[in-house]
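Comments concern the structure below.
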Amino acid sequence: MLDLLFLGIALPSFAYLAYRAGDVALRQLRSYQAIPFASGAFAAETGDTYDDHAFAALVGVALGDALGMPRESLPVWLTQLRFGAKPTLRRGILRVLRRRGTISDDTQLTIAVAKAIRDDGSFDAETFERELADWWRIRIGPGRATCASVERLMNGDSAPGDRNSQGNGAAMRVVPLAIAYVDDLEAMLDAVRNSSRPTHADAEAIAGAEVAGRATRLLLRGEPLEVVSLLPRASSENIERWEKLLSAAKELAESGDDGLDELGTTGWVFHTIPSVLYLFWRWPNDFEQGLSALFRAGGDVDTVAALYGALVGASGGMDAFGDLPWQEVQGAGVLQREAGRLAALT
Ligand SMILES: [Mg+2]
């Protein structure tokens, strides 16, 4: 009787787990092919150029993503035990599966948005939808709303994305738009909305993307990050709530208090965005210090780290990353090419 029970329950469960693990492994391999690790062809172009800051903003996404991903959504005690307190490139919890420097959806979708910006400077929504469909085969650690919307898109339904998700999926991929539209705020906000809609149609998910885009753009312009110039414009029905949360983030950073527990580090856009800004306001020039604080808080570590990395890079250029091994991050070569192309559009 027990034997039958074992055969009936355990075997299908094992088979299912094996199938899922195989599926993830296959996607991971395809992701390495589509977005290769850097081949070391980086020109030594430091200095205070727009190219340098644009590349740093994009590579900041990948660096934060790669440093944070192994810790995403895991208990903090476990990640501190397994990976240590400091940011270093590590493989995943399952060592066989992931090489160190592996990136996830945050960087993958950032590249997808970059590719949808045409050489004439326009954002092409159709290209972006095609990129989303291509991404499906290589998706690593994707969010729920993005998955559901891309599945609908692939079934020929190009209605706007999830109307109820206030996740950070749209915000995580806006950095290329800040680079390409650094001279034109309205064009950037338009492109942010158009790039959000296929997966995130909720007003606050788009508002969060607007704030992330505005922050990156201001820093690329060398302008200060003031709450009033960060607020979402058209989309949000909660401007006061955004203003309150961003002001709280700034005050916590200026007072030197631990702010992340209070602000929250989940994938909810009202958590993610204030925490990203808090980290930048508190540690604008010390990415490692900020990441260590983030790792102590846990949560949606890779996305918060990715957007924080974009702000650090946009503001400080490549020098801001010091000795962190950005050359060893998956996609660094692709990001450098895209950064150069987008910077040339301005
Ligand atoms: Mg991710």
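Labels used: A, B, ... for chains in the order of the structure tokens, numbers from 1 for residues in each chain, and numbers from 1 for ligands as shown.
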
Using only C-alpha atoms and all ligand atoms, what table do you get, as CSV, when you list each residue of chain A with an atom no more than 6 Å from ligand 1, its nearest pair of atoms, and their distance in Å rounded to one decimal, rows by chain then rising number?
residue,atom,partner,partner_atom_place_in_ligand_line,distance
A:Ser104,CA,ligand 1,1 (Mg),4.6
A:Asp105,CA,ligand 1,1 (Mg),4.6
A:Asp106,CA,ligand 1,1 (Mg),4.9
A:Gly141,CA,ligand 1,1 (Mg),5.1
A:Asp302,CA,ligand 1,1 (Mg),5.4
A:Thr303,CA,ligand 1,1 (Mg),5.7

Once you have the residues from the selection above, write them out as a CSV table (one decimal), in the first residue's frame, restricted to all heavy atoms.
chain,number,residue,atom,x,y,z
A,104,SER,N,20.0,38.7,-14.6
A,104,SER,CA,18.6,38.2,-14.6
A,104,SER,C,17.7,39.1,-15.4
A,104,SER,O,18.2,39.9,-16.2
A,104,SER,CB,18.1,38.0,-13.2
A,104,SER,OG,17.8,39.2,-12.6
A,105,ASP,N,16.4,39.0,-15.2
A,105,ASP,CA,15.4,39.7,-16.0
A,105,ASP,C,15.7,41.2,-16.0
A,105,ASP,O,15.5,41.9,-17.0
A,105,ASP,CB,14.0,39.5,-15.4
A,105,ASP,CG,13.9,39.8,-14.0
A,105,ASP,OD1,14.9,39.8,-13.3
A,105,ASP,OD2,12.7,40.0,-13.5
A,106,ASP,N,16.2,41.8,-14.9
A,106,ASP,CA,16.4,43.2,-14.9
A,106,ASP,C,17.3,43.7,-16.0
A,106,ASP,O,17.0,44.7,-16.7
A,106,ASP,CB,17.1,43.6,-13.5
A,106,ASP,CG,16.3,43.0,-12.4
A,106,ASP,OD1,16.5,41.8,-12.1
A,106,ASP,OD2,15.5,43.7,-11.8
A,141,GLY,N,14.5,34.5,-13.7
A,141,GLY,CA,14.0,35.2,-12.5
A,141,GLY,C,12.9,36.2,-12.8
A,141,GLY,O,12.9,37.3,-12.2
A,302,ASP,N,18.0,42.0,-6.2
A,302,ASP,CA,18.6,42.3,-7.5
A,302,ASP,C,18.0,43.5,-8.2
A,302,ASP,O,18.8,44.3,-8.8
A,302,ASP,CB,18.6,41.0,-8.4
A,302,ASP,CG,17.2,40.6,-8.7
A,302,ASP,OD1,16.3,40.9,-8.0
A,302,ASP,OD2,17.0,39.9,-9.7
A,303,THR,N,16.8,43.7,-8.1
A,303,THR,CA,16.2,44.9,-8.8
A,303,THR,C,16.5,46.2,-8.1
A,303,THR,O,16.9,47.2,-8.7
A,303,THR,CB,14.6,44.7,-8.9
A,303,THR,OG1,14.4,43.5,-9.6
A,303,THR,CG2,14.0,45.9,-9.6

(request) Extract, using only C-alpha atoms, all DNA, RNA and protein residues at most 9 Å from Phe128 of chain A, discarding same-chain residues fewer than 4 positions from it, and format them as a PyMOL selection string. (result) chain A and resi 112-117+123-124+132-133+195+198

Selection to disk with C-alpha atoms, as a short mmCIF file (atom, residue, chain, number, x, y, z; two decimals), in the first residue's frame:
data_model
loop_
_atom_site.label_atom_id
_atom_site.label_comp_id
_atom_site.auth_asym_id
_atom_site.auth_seq_id
_atom_site.Cartn_x
_atom_site.Cartn_y
_atom_site.Cartn_z
CA ALA A 112 15.37 44.63 -24.71
CA VAL A 113 14.29 48.26 -24.14
CA ALA A 114 17.62 49.54 -25.49
CA LYS A 115 17.16 47.52 -28.67
CA ALA A 116 13.70 49.01 -29.18
CA ILE A 117 15.21 52.51 -29.44
CA PHE A 123 11.04 54.21 -29.37
CA ASP A 124 9.49 51.40 -31.39
CA LEU A 132 9.69 40.61 -25.09
CA ALA A 133 8.61 37.51 -27.03
CA SER A 195 7.72 50.70 -22.73
CA PRO A 198 2.94 45.94 -22.68
#

(request) Quote the spacing between atom CA of Ser255 of chain A and atom CA of Leu279 of chain A in Å to one decimal place. (result)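 Atom-to-atom, atom CA of Ser255 of chain A to atom CA of Leu279 of chain A, that is 12.7 Å.
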
(message) For the strand (DSSP E or B) assignment from backbone DSSP, which residues of segment 80-215 of chain A qualify? Please present them as number ranges by chain.
(response) A: 117, 123, 162, 167, 200

Same residues, C-alpha atoms, saved as a short mmCIF file (atom, residue, chain, number, x, y, z; two decimals), in the first residue's frame:
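The new file result_19.cif reads:
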data_model
loop_
_atom_site.label_atom_id
_atom_site.label_comp_id
_atom_site.auth_asym_id
_atom_site.auth_seq_id
_atom_site.Cartn_x
_atom_site.Cartn_y
_atom_site.Cartn_z
CA ILE A 117 15.21 52.51 -29.44
CA PHE A 123 11.04 54.21 -29.37
CA ASP A 162 -1.38 43.74 -16.27
CA GLY A 167 5.31 45.55 -9.31
CA HIS A 200 2.44 46.97 -16.65
#

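The spacing separating atom CA of Thr88 of chain A from atom CA of Leu67 of chain A amounts to 6.3 Å.
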
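Within 9 Å of segment 148-153 of chain A, once only C-alpha atoms are used and residues closer than 3 positions along the same chain are dropped, the contacting residues are Glu129, Leu132, Ala133, Trp136, Gly143, Arg144, Ala145, Gly156, Asp157, Ser158, Ala159, Pro160, Gly161, Asp162, Pro198, Thr199 and His200 of chain A.
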
Would you mind exporting the chosen residues as an mmCIF file, in the first residue's frame, restricted to N, CA, C and O atoms?
data_model
loop_
_atom_site.group_PDB
_atom_site.id
_atom_site.type_symbol
_atom_site.label_atom_id
_atom_site.label_comp_id
_atom_site.auth_asym_id
_atom_site.auth_seq_id
_atom_site.Cartn_x
_atom_site.Cartn_y
_atom_site.Cartn_z
ATOM 1 N N GLU A 129 7.836 44.729 -28.318
ATOM 2 C CA GLU A 129 7.001 43.537 -28.111
ATOM 3 C C GLU A 129 7.667 42.292 -28.682
ATOM 4 O O GLU A 129 7.593 41.210 -28.099
ATOM 5 N N LEU A 132 10.285 41.287 -26.250
ATOM 6 C CA LEU A 132 9.689 40.606 -25.092
ATOM 7 C C LEU A 132 9.408 39.142 -25.418
ATOM 8 O O LEU A 132 9.661 38.252 -24.602
ATOM 9 N N ALA A 133 8.900 38.893 -26.636
ATOM 10 C CA ALA A 133 8.610 37.513 -27.033
ATOM 11 C C ALA A 133 9.906 36.699 -27.145
ATOM 12 O O ALA A 133 9.955 35.536 -26.739
ATOM 13 N N TRP A 136 11.314 35.559 -23.773
ATOM 14 C CA TRP A 136 10.642 34.446 -23.097
ATOM 15 C C TRP A 136 11.526 33.201 -23.023
ATOM 16 O O TRP A 136 11.557 32.498 -22.018
ATOM 17 N N GLY A 143 9.307 38.371 -13.271
ATOM 18 C CA GLY A 143 8.192 38.698 -12.377
ATOM 19 C C GLY A 143 6.872 38.156 -12.915
ATOM 20 O O GLY A 143 6.748 37.828 -14.099
ATOM 21 N N ARG A 144 5.902 38.098 -12.024
ATOM 22 C CA ARG A 144 4.616 37.489 -12.376
ATOM 23 C C ARG A 144 3.886 38.258 -13.473
ATOM 24 O O ARG A 144 3.439 37.676 -14.462
ATOM 25 N N ALA A 145 3.759 39.579 -13.311
ATOM 26 C CA ALA A 145 2.979 40.369 -14.268
ATOM 27 C C ALA A 145 3.641 40.344 -15.648
ATOM 28 O O ALA A 145 2.966 40.245 -16.674
ATOM 29 N N GLY A 156 -0.875 36.398 -29.354
ATOM 30 C CA GLY A 156 -1.469 37.311 -30.320
ATOM 31 C C GLY A 156 -2.358 38.373 -29.714
ATOM 32 O O GLY A 156 -3.034 39.115 -30.417
ATOM 33 N N ASP A 157 -2.362 38.467 -28.381
ATOM 34 C CA ASP A 157 -3.207 39.441 -27.719
ATOM 35 C C ASP A 157 -2.338 40.626 -27.322
ATOM 36 O O ASP A 157 -1.589 40.564 -26.361
ATOM 37 N N SER A 158 -2.407 41.716 -28.075
ATOM 38 C CA SER A 158 -1.513 42.832 -27.751
ATOM 39 C C SER A 158 -2.239 43.922 -26.957
ATOM 40 O O SER A 158 -1.905 45.098 -27.046
ATOM 41 N N ALA A 159 -3.235 43.499 -26.187
ATOM 42 C CA ALA A 159 -3.873 44.440 -25.258
ATOM 43 C C ALA A 159 -2.859 44.854 -24.204
ATOM 44 O O ALA A 159 -1.888 44.146 -23.982
ATOM 45 N N PRO A 160 -3.062 46.006 -23.563
ATOM 46 C CA PRO A 160 -2.097 46.438 -22.547
ATOM 47 C C PRO A 160 -1.890 45.382 -21.473
ATOM 48 O O PRO A 160 -2.743 44.534 -21.278
ATOM 49 N N GLY A 161 -0.750 45.467 -20.809
ATOM 50 C CA GLY A 161 -0.366 44.476 -19.813
ATOM 51 C C GLY A 161 -1.211 44.529 -18.560
ATOM 52 O O GLY A 161 -2.266 45.141 -18.527
ATOM 53 N N ASP A 162 -0.676 43.904 -17.535
ATOM 54 C CA ASP A 162 -1.385 43.736 -16.271
ATOM 55 C C ASP A 162 -1.878 45.075 -15.703
ATOM 56 O O ASP A 162 -1.101 46.005 -15.531
ATOM 57 N N PRO A 198 3.137 47.342 -22.279
ATOM 58 C CA PRO A 198 2.942 45.941 -22.683
ATOM 59 C C PRO A 198 2.891 44.966 -21.516
ATOM 60 O O PRO A 198 2.298 43.902 -21.636
ATOM 61 N N THR A 199 3.523 45.313 -20.405
ATOM 62 C CA THR A 199 3.482 44.390 -19.260
ATOM 63 C C THR A 199 2.847 45.002 -18.022
ATOM 64 O O THR A 199 2.303 44.297 -17.183
ATOM 65 N N HIS A 200 2.953 46.304 -17.857
ATOM 66 C CA HIS A 200 2.439 46.965 -16.649
ATOM 67 C C HIS A 200 1.572 48.157 -17.053
ATOM 68 O O HIS A 200 2.093 49.205 -17.428
#

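Shortest separation to Leu58 of chain A among A:Ala297, A:Leu109, A:Ala187, A:Leu17 occurs at residue A:Leu109, atoms counted being only C-alpha atoms.
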
(request) Point out the residue among A:Ala54, A:Leu63, A:Ile9, A:Val192 with the least atom-to-atom distance to Asp323 of chain A, counting only C-alpha atoms. (result)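 Using only C-alpha atoms, the shortest distance to Asp323 of chain A belongs to A:Leu63.
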
Fewer than 6 positions away in the same chain doesn't count, so skip those; otherwise give me all residues within 12 Å of Ile103 of chain A, counting only C-alpha atoms, as a PDB file with N, CA, C and O atoms, in the first residue's frame.
ATOM      1  N   GLN A  28      18.916  29.060 -18.942  1.00  0.00           N
ATOM      2  CA  GLN A  28      20.170  29.684 -18.525  1.00  0.00           C
ATOM      3  C   GLN A  28      21.219  29.567 -19.626  1.00  0.00           C
ATOM      4  O   GLN A  28      21.915  30.536 -19.935  1.00  0.00           O
ATOM      5  N   SER A  31      20.423  31.934 -22.358  1.00  0.00           N
ATOM      6  CA  SER A  31      20.716  33.309 -21.948  1.00  0.00           C
ATOM      7  C   SER A  31      22.207  33.622 -22.117  1.00  0.00           C
ATOM      8  O   SER A  31      22.578  34.719 -22.549  1.00  0.00           O
ATOM      9  N   TYR A  32      23.068  32.628 -21.800  1.00  0.00           N
ATOM     10  CA  TYR A  32      24.512  32.842 -21.977  1.00  0.00           C
ATOM     11  C   TYR A  32      24.864  33.022 -23.449  1.00  0.00           C
ATOM     12  O   TYR A  32      25.792  33.732 -23.806  1.00  0.00           O
ATOM     13  N   ALA A  34      22.690  34.203 -25.859  1.00  0.00           N
ATOM     14  CA  ALA A  34      22.086  35.440 -26.379  1.00  0.00           C
ATOM     15  C   ALA A  34      22.808  36.680 -25.857  1.00  0.00           C
ATOM     16  O   ALA A  34      22.973  37.668 -26.578  1.00  0.00           O
ATOM     17  N   ILE A  35      23.220  36.623 -24.581  1.00  0.00           N
ATOM     18  CA  ILE A  35      23.897  37.763 -23.958  1.00  0.00           C
ATOM     19  C   ILE A  35      25.199  37.250 -23.366  1.00  0.00           C
ATOM     20  O   ILE A  35      25.262  36.853 -22.208  1.00  0.00           O
ATOM     21  N   PRO A  36      26.255  37.222 -24.176  1.00  0.00           N
ATOM     22  CA  PRO A  36      27.495  36.579 -23.717  1.00  0.00           C
ATOM     23  C   PRO A  36      28.213  37.371 -22.630  1.00  0.00           C
ATOM     24  O   PRO A  36      27.970  38.567 -22.438  1.00  0.00           O
ATOM     25  N   PHE A  37      29.093  36.662 -21.950  1.00  0.00           N
ATOM     26  CA  PHE A  37      30.002  37.342 -21.029  1.00  0.00           C
ATOM     27  C   PHE A  37      30.958  38.198 -21.858  1.00  0.00           C
ATOM     28  O   PHE A  37      31.192  37.926 -23.032  1.00  0.00           O
ATOM     29  N   VAL A  59      25.868  49.555 -17.104  1.00  0.00           N
ATOM     30  CA  VAL A  59      26.630  48.473 -16.488  1.00  0.00           C
ATOM     31  C   VAL A  59      26.315  48.419 -14.985  1.00  0.00           C
ATOM     32  O   VAL A  59      26.390  47.358 -14.365  1.00  0.00           O
ATOM     33  N   GLY A  60      25.889  49.564 -14.424  1.00  0.00           N
ATOM     34  CA  GLY A  60      25.442  49.579 -13.026  1.00  0.00           C
ATOM     35  C   GLY A  60      24.228  48.687 -12.821  1.00  0.00           C
ATOM     36  O   GLY A  60      24.112  48.015 -11.790  1.00  0.00           O
ATOM     37  N   VAL A  61      23.329  48.670 -13.806  1.00  0.00           N
ATOM     38  CA  VAL A  61      22.174  47.764 -13.738  1.00  0.00           C
ATOM     39  C   VAL A  61      22.656  46.322 -13.664  1.00  0.00           C
ATOM     40  O   VAL A  61      22.248  45.541 -12.802  1.00  0.00           O
ATOM     41  N   ALA A  62      23.559  45.960 -14.594  1.00  0.00           N
ATOM     42  CA  ALA A  62      24.020  44.573 -14.678  1.00  0.00           C
ATOM     43  C   ALA A  62      24.821  44.169 -13.436  1.00  0.00           C
ATOM     44  O   ALA A  62      24.667  43.057 -12.913  1.00  0.00           O
ATOM     45  N   LEU A  63      25.643  45.090 -12.953  1.00  0.00           N
ATOM     46  CA  LEU A  63      26.476  44.794 -11.783  1.00  0.00           C
ATOM     47  C   LEU A  63      25.598  44.584 -10.547  1.00  0.00           C
ATOM     48  O   LEU A  63      25.766  43.612  -9.800  1.00  0.00           O
ATOM     49  N   GLY A  64      24.639  45.500 -10.331  1.00  0.00           N
ATOM     50  CA  GLY A  64      23.722  45.347  -9.194  1.00  0.00           C
ATOM     51  C   GLY A  64      22.912  44.063  -9.319  1.00  0.00           C
ATOM     52  O   GLY A  64      22.734  43.331  -8.342  1.00  0.00           O
ATOM     53  N   ASP A  65      22.456  43.794 -10.526  1.00  0.00           N
ATOM     54  CA  ASP A  65      21.675  42.589 -10.784  1.00  0.00           C
ATOM     55  C   ASP A  65      22.493  41.337 -10.460  1.00  0.00           C
ATOM     56  O   ASP A  65      22.051  40.453  -9.714  1.00  0.00           O
ATOM     57  N   ALA A  66      23.707  41.273 -11.003  1.00  0.00           N
ATOM     58  CA  ALA A  66      24.539  40.078 -10.818  1.00  0.00           C
ATOM     59  C   ALA A  66      24.965  39.901  -9.359  1.00  0.00           C
ATOM     60  O   ALA A  66      25.038  38.778  -8.855  1.00  0.00           O
ATOM     61  N   LEU A  67      25.227  41.023  -8.671  1.00  0.00           N
ATOM     62  CA  LEU A  67      25.640  40.924  -7.272  1.00  0.00           C
ATOM     63  C   LEU A  67      24.447  40.566  -6.380  1.00  0.00           C
ATOM     64  O   LEU A  67      24.597  39.900  -5.359  1.00  0.00           O
ATOM     65  N   GLY A  68      23.274  41.017  -6.789  1.00  0.00           N
ATOM     66  CA  GLY A  68      22.102  40.821  -5.930  1.00  0.00           C
ATOM     67  C   GLY A  68      21.332  39.544  -6.198  1.00  0.00           C
ATOM     68  O   GLY A  68      20.698  39.004  -5.293  1.00  0.00           O
ATOM     69  N   MET A  69      21.386  39.057  -7.450  1.00  0.00           N
ATOM     70  CA  MET A  69      20.477  37.972  -7.815  1.00  0.00           C
ATOM     71  C   MET A  69      20.583  36.717  -6.962  1.00  0.00           C
ATOM     72  O   MET A  69      19.563  36.152  -6.594  1.00  0.00           O
ATOM     73  N   PRO A  70      21.804  36.273  -6.617  1.00  0.00           N
ATOM     74  CA  PRO A  70      21.860  35.046  -5.811  1.00  0.00           C
ATOM     75  C   PRO A  70      21.118  35.181  -4.478  1.00  0.00           C
ATOM     76  O   PRO A  70      20.761  34.186  -3.866  1.00  0.00           O
ATOM     77  N   GLU A  72      18.258  37.039  -4.066  1.00  0.00           N
ATOM     78  CA  GLU A  72      16.894  37.513  -4.257  1.00  0.00           C
ATOM     79  C   GLU A  72      15.897  36.649  -3.505  1.00  0.00           C
ATOM     80  O   GLU A  72      15.870  35.427  -3.649  1.00  0.00           O
ATOM     81  N   LEU A  89      30.843  38.768  -6.667  1.00  0.00           N
ATOM     82  CA  LEU A  89      30.125  37.958  -7.644  1.00  0.00           C
ATOM     83  C   LEU A  89      30.153  36.503  -7.205  1.00  0.00           C
ATOM     84  O   LEU A  89      31.213  35.950  -6.940  1.00  0.00           O
ATOM     85  N   ARG A  90      28.980  35.916  -7.094  1.00  0.00           N
ATOM     86  CA  ARG A  90      28.891  34.524  -6.664  1.00  0.00           C
ATOM     87  C   ARG A  90      28.008  33.741  -7.609  1.00  0.00           C
ATOM     88  O   ARG A  90      27.187  34.314  -8.310  1.00  0.00           O
ATOM     89  N   ARG A  91      28.191  32.424  -7.570  1.00  0.00           N
ATOM     90  CA  ARG A  91      27.249  31.583  -8.291  1.00  0.00           C
ATOM     91  C   ARG A  91      25.974  31.469  -7.465  1.00  0.00           C
ATOM     92  O   ARG A  91      25.881  32.004  -6.368  1.00  0.00           O
ATOM     93  N   GLY A  92      24.977  30.759  -8.005  1.00  0.00           N
ATOM     94  CA  GLY A  92      23.703  30.659  -7.301  1.00  0.00           C
ATOM     95  C   GLY A  92      23.777  29.695  -6.136  1.00  0.00           C
ATOM     96  O   GLY A  92      24.823  29.129  -5.827  1.00  0.00           O
ATOM     97  N   LEU A 109      15.875  42.645 -19.670  1.00  0.00           N
ATOM     98  CA  LEU A 109      14.804  43.510 -20.184  1.00  0.00           C
ATOM     99  C   LEU A 109      15.302  44.936 -20.430  1.00  0.00           C
ATOM    100  O   LEU A 109      14.762  45.650 -21.276  1.00  0.00           O
ATOM    101  N   THR A 110      16.330  45.332 -19.697  1.00  0.00           N
ATOM    102  CA  THR A 110      16.961  46.626 -19.979  1.00  0.00           C
ATOM    103  C   THR A 110      17.561  46.608 -21.389  1.00  0.00           C
ATOM    104  O   THR A 110      17.421  47.578 -22.157  1.00  0.00           O
ATOM    105  N   ILE A 111      18.196  45.493 -21.743  1.00  0.00           N
ATOM    106  CA  ILE A 111      18.750  45.356 -23.095  1.00  0.00           C
ATOM    107  C   ILE A 111      17.622  45.334 -24.128  1.00  0.00           C
ATOM    108  O   ILE A 111      17.732  45.941 -25.207  1.00  0.00           O
ATOM    109  N   ILE A 138      14.686  33.005 -22.814  1.00  0.00           N
ATOM    110  CA  ILE A 138      15.906  33.145 -22.006  1.00  0.00           C
ATOM    111  C   ILE A 138      15.612  33.740 -20.636  1.00  0.00           C
ATOM    112  O   ILE A 138      16.528  34.114 -19.910  1.00  0.00           O
ATOM    113  N   ARG A 139      14.345  33.854 -20.285  1.00  0.00           N
ATOM    114  CA  ARG A 139      13.984  34.587 -19.061  1.00  0.00           C
ATOM    115  C   ARG A 139      14.597  33.959 -17.812  1.00  0.00           C
ATOM    116  O   ARG A 139      14.546  32.751 -17.616  1.00  0.00           O
ATOM    117  N   ILE A 140      15.183  34.790 -16.980  1.00  0.00           N
ATOM    118  CA  ILE A 140      15.785  34.349 -15.724  1.00  0.00           C
ATOM    119  C   ILE A 140      15.176  35.184 -14.594  1.00  0.00           C
ATOM    120  O   ILE A 140      15.263  36.406 -14.598  1.00  0.00           O
ATOM    121  N   GLY A 141      14.548  34.522 -13.663  1.00  0.00           N
ATOM    122  CA  GLY A 141      13.981  35.191 -12.494  1.00  0.00           C
ATOM    123  C   GLY A 141      12.937  36.248 -12.813  1.00  0.00           C
ATOM    124  O   GLY A 141      12.944  37.320 -12.216  1.00  0.00           O
ATOM    125  N   PRO A 142      12.031  35.969 -13.745  1.00  0.00           N
ATOM    126  CA  PRO A 142      11.081  37.002 -14.172  1.00  0.00           C
ATOM    127  C   PRO A 142       9.961  37.225 -13.155  1.00  0.00           C
ATOM    128  O   PRO A 142       9.710  36.366 -12.314  1.00  0.00           O
ATOM    129  N   ASP A 302      17.984  42.010  -6.190  1.00  0.00           N
ATOM    130  CA  ASP A 302      18.623  42.264  -7.489  1.00  0.00           C
ATOM    131  C   ASP A 302      18.050  43.503  -8.181  1.00  0.00           C
ATOM    132  O   ASP A 302      18.798  44.290  -8.769  1.00  0.00           O
ATOM    133  N   THR A 303      16.755  43.698  -8.104  1.00  0.00           N
ATOM    134  CA  THR A 303      16.164  44.863  -8.782  1.00  0.00           C
ATOM    135  C   THR A 303      16.524  46.167  -8.062  1.00  0.00           C
ATOM    136  O   THR A 303      16.865  47.168  -8.712  1.00  0.00           O
ATOM    137  N   ALA A 305      19.178  46.646  -6.273  1.00  0.00           N
ATOM    138  CA  ALA A 305      20.606  46.845  -6.529  1.00  0.00           C
ATOM    139  C   ALA A 305      20.845  47.322  -7.961  1.00  0.00           C
ATOM    140  O   ALA A 305      21.718  48.168  -8.211  1.00  0.00           O
ATOM    141  N   ALA A 306      20.070  46.794  -8.908  1.00  0.00           N
ATOM    142  CA  ALA A 306      20.251  47.180 -10.314  1.00  0.00           C
ATOM    143  C   ALA A 306      19.947  48.664 -10.514  1.00  0.00           C
ATOM    144  O   ALA A 306      20.724  49.397 -11.149  1.00  0.00           O
ATOM    145  N   TRP A 326      33.201  44.708 -12.839  1.00  0.00           N
ATOM    146  CA  TRP A 326      32.112  44.866 -13.810  1.00  0.00           C
ATOM    147  C   TRP A 326      32.432  44.189 -15.145  1.00  0.00           C
ATOM    148  O   TRP A 326      31.543  43.789 -15.869  1.00  0.00           O
ATOM    149  N   GLU A 328      33.453  41.342 -15.542  1.00  0.00           N
ATOM    150  CA  GLU A 328      33.136  39.910 -15.462  1.00  0.00           C
ATOM    151  C   GLU A 328      31.644  39.639 -15.431  1.00  0.00           C
ATOM    152  O   GLU A 328      31.208  38.514 -15.229  1.00  0.00           O
ATOM    153  N   VAL A 329      30.847  40.697 -15.619  1.00  0.00           N
ATOM    154  CA  VAL A 329      29.406  40.526 -15.564  1.00  0.00           C
ATOM    155  C   VAL A 329      28.873  40.173 -16.952  1.00  0.00           C
ATOM    156  O   VAL A 329      29.306  40.741 -17.965  1.00  0.00           O
ATOM    157  N   GLN A 330      27.958  39.226 -16.988  1.00  0.00           N
ATOM    158  CA  GLN A 330      27.342  38.818 -18.258  1.00  0.00           C
ATOM    159  C   GLN A 330      26.721  40.035 -18.954  1.00  0.00           C
ATOM    160  O   GLN A 330      25.987  40.800 -18.334  1.00  0.00           O
ATOM    161  N   GLY A 331      27.039  40.224 -20.219  1.00  0.00           N
ATOM    162  CA  GLY A 331      26.393  41.281 -20.995  1.00  0.00           C
ATOM    163  C   GLY A 331      27.120  42.608 -20.991  1.00  0.00           C
ATOM    164  O   GLY A 331      26.669  43.563 -21.622  1.00  0.00           O
ATOM    165  N   ALA A 332      28.269  42.689 -20.301  1.00  0.00           N
ATOM    166  CA  ALA A 332      28.962  43.983 -20.222  1.00  0.00           C
ATOM    167  C   ALA A 332      29.322  44.500 -21.620  1.00  0.00           C
ATOM    168  O   ALA A 332      29.221  45.702 -21.898  1.00  0.00           O
TER     169      ALA A 332
END

(message) Could you check the closest approach to Met172 of chain A for each of A:Leu185, A:Leu307, A:Leu7, A:Met154 and tell me which residue wins, using only C-alpha atoms?
(response)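 Ranked by minimum distance to Met172 of chain A, first place goes to A:Leu307.
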
(request) Compile the contact shell of segment 219-222 of chain A as JSON, numbers by chain: residues with an atom at most 12 Å away, counting only C-alpha atoms, same-chain residues fewer than 5 positions apart removed. (result) {"A": [48, 49, 50, 51, 52, 53, 54, 55, 56, 57, 58, 175, 176, 177, 178, 179, 180, 181, 182, 183, 184, 185, 212, 213, 214, 229, 230, 277, 280, 281, 284, 308, 310, 311, 312, 313, 314, 315, 316, 317, 343, 346]}

(message) From the options A:Val304, A:Leu2, A:Ala320, A:Val269, which residue's atoms come nearest to Phe287 of chain A, counting only C-alpha atoms?
(response)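 So, comparing all the options, the nearest one is A:Ala320.
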
(request) Please provide the set of residues having any atom within 9 Å of Arg341 of chain A, restricted to only C-alpha atoms, with same-chain residues fewer than 4 positions apart removed, written as a count of residues only. (result) 5

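For the choices A:Glu237, A:Lys244, A:Arg296, A:Leu29, the atom-to-atom distance to Asp261 of chain A is smallest for A:Arg296 when using only C-alpha atoms.
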
(request) Go through A:Ser13, A:Ser247, A:Gln80, A:Asn194 one by one, measure the shortest atom-to-atom distance of each to Glu226 of chain A using only C-alpha atoms, and give the residue with the smallest value. (result) A:Ser247

(request) Apply DSSP to the structure's backbone, then extract all residues of segment 26-132 of chain A labelled alpha helix (DSSP H) and return them as JSON, numbers by chain. (result) {"A": [26, 27, 28, 29, 30, 31, 32, 33, 34, 50, 51, 52, 53, 54, 55, 56, 57, 58, 59, 60, 61, 62, 63, 64, 65, 66, 67, 68, 76, 77, 78, 79, 80, 81, 82, 83, 105, 106, 107, 108, 109, 110, 111, 112, 113, 114, 115, 125, 126, 127, 128, 129, 130, 131, 132]}

(request) Could you tell me how far atom CA of Thr107 of chain A lies from atom CA of Val334 of chain A, in Å and to one decimal? (result) 10.7 Å
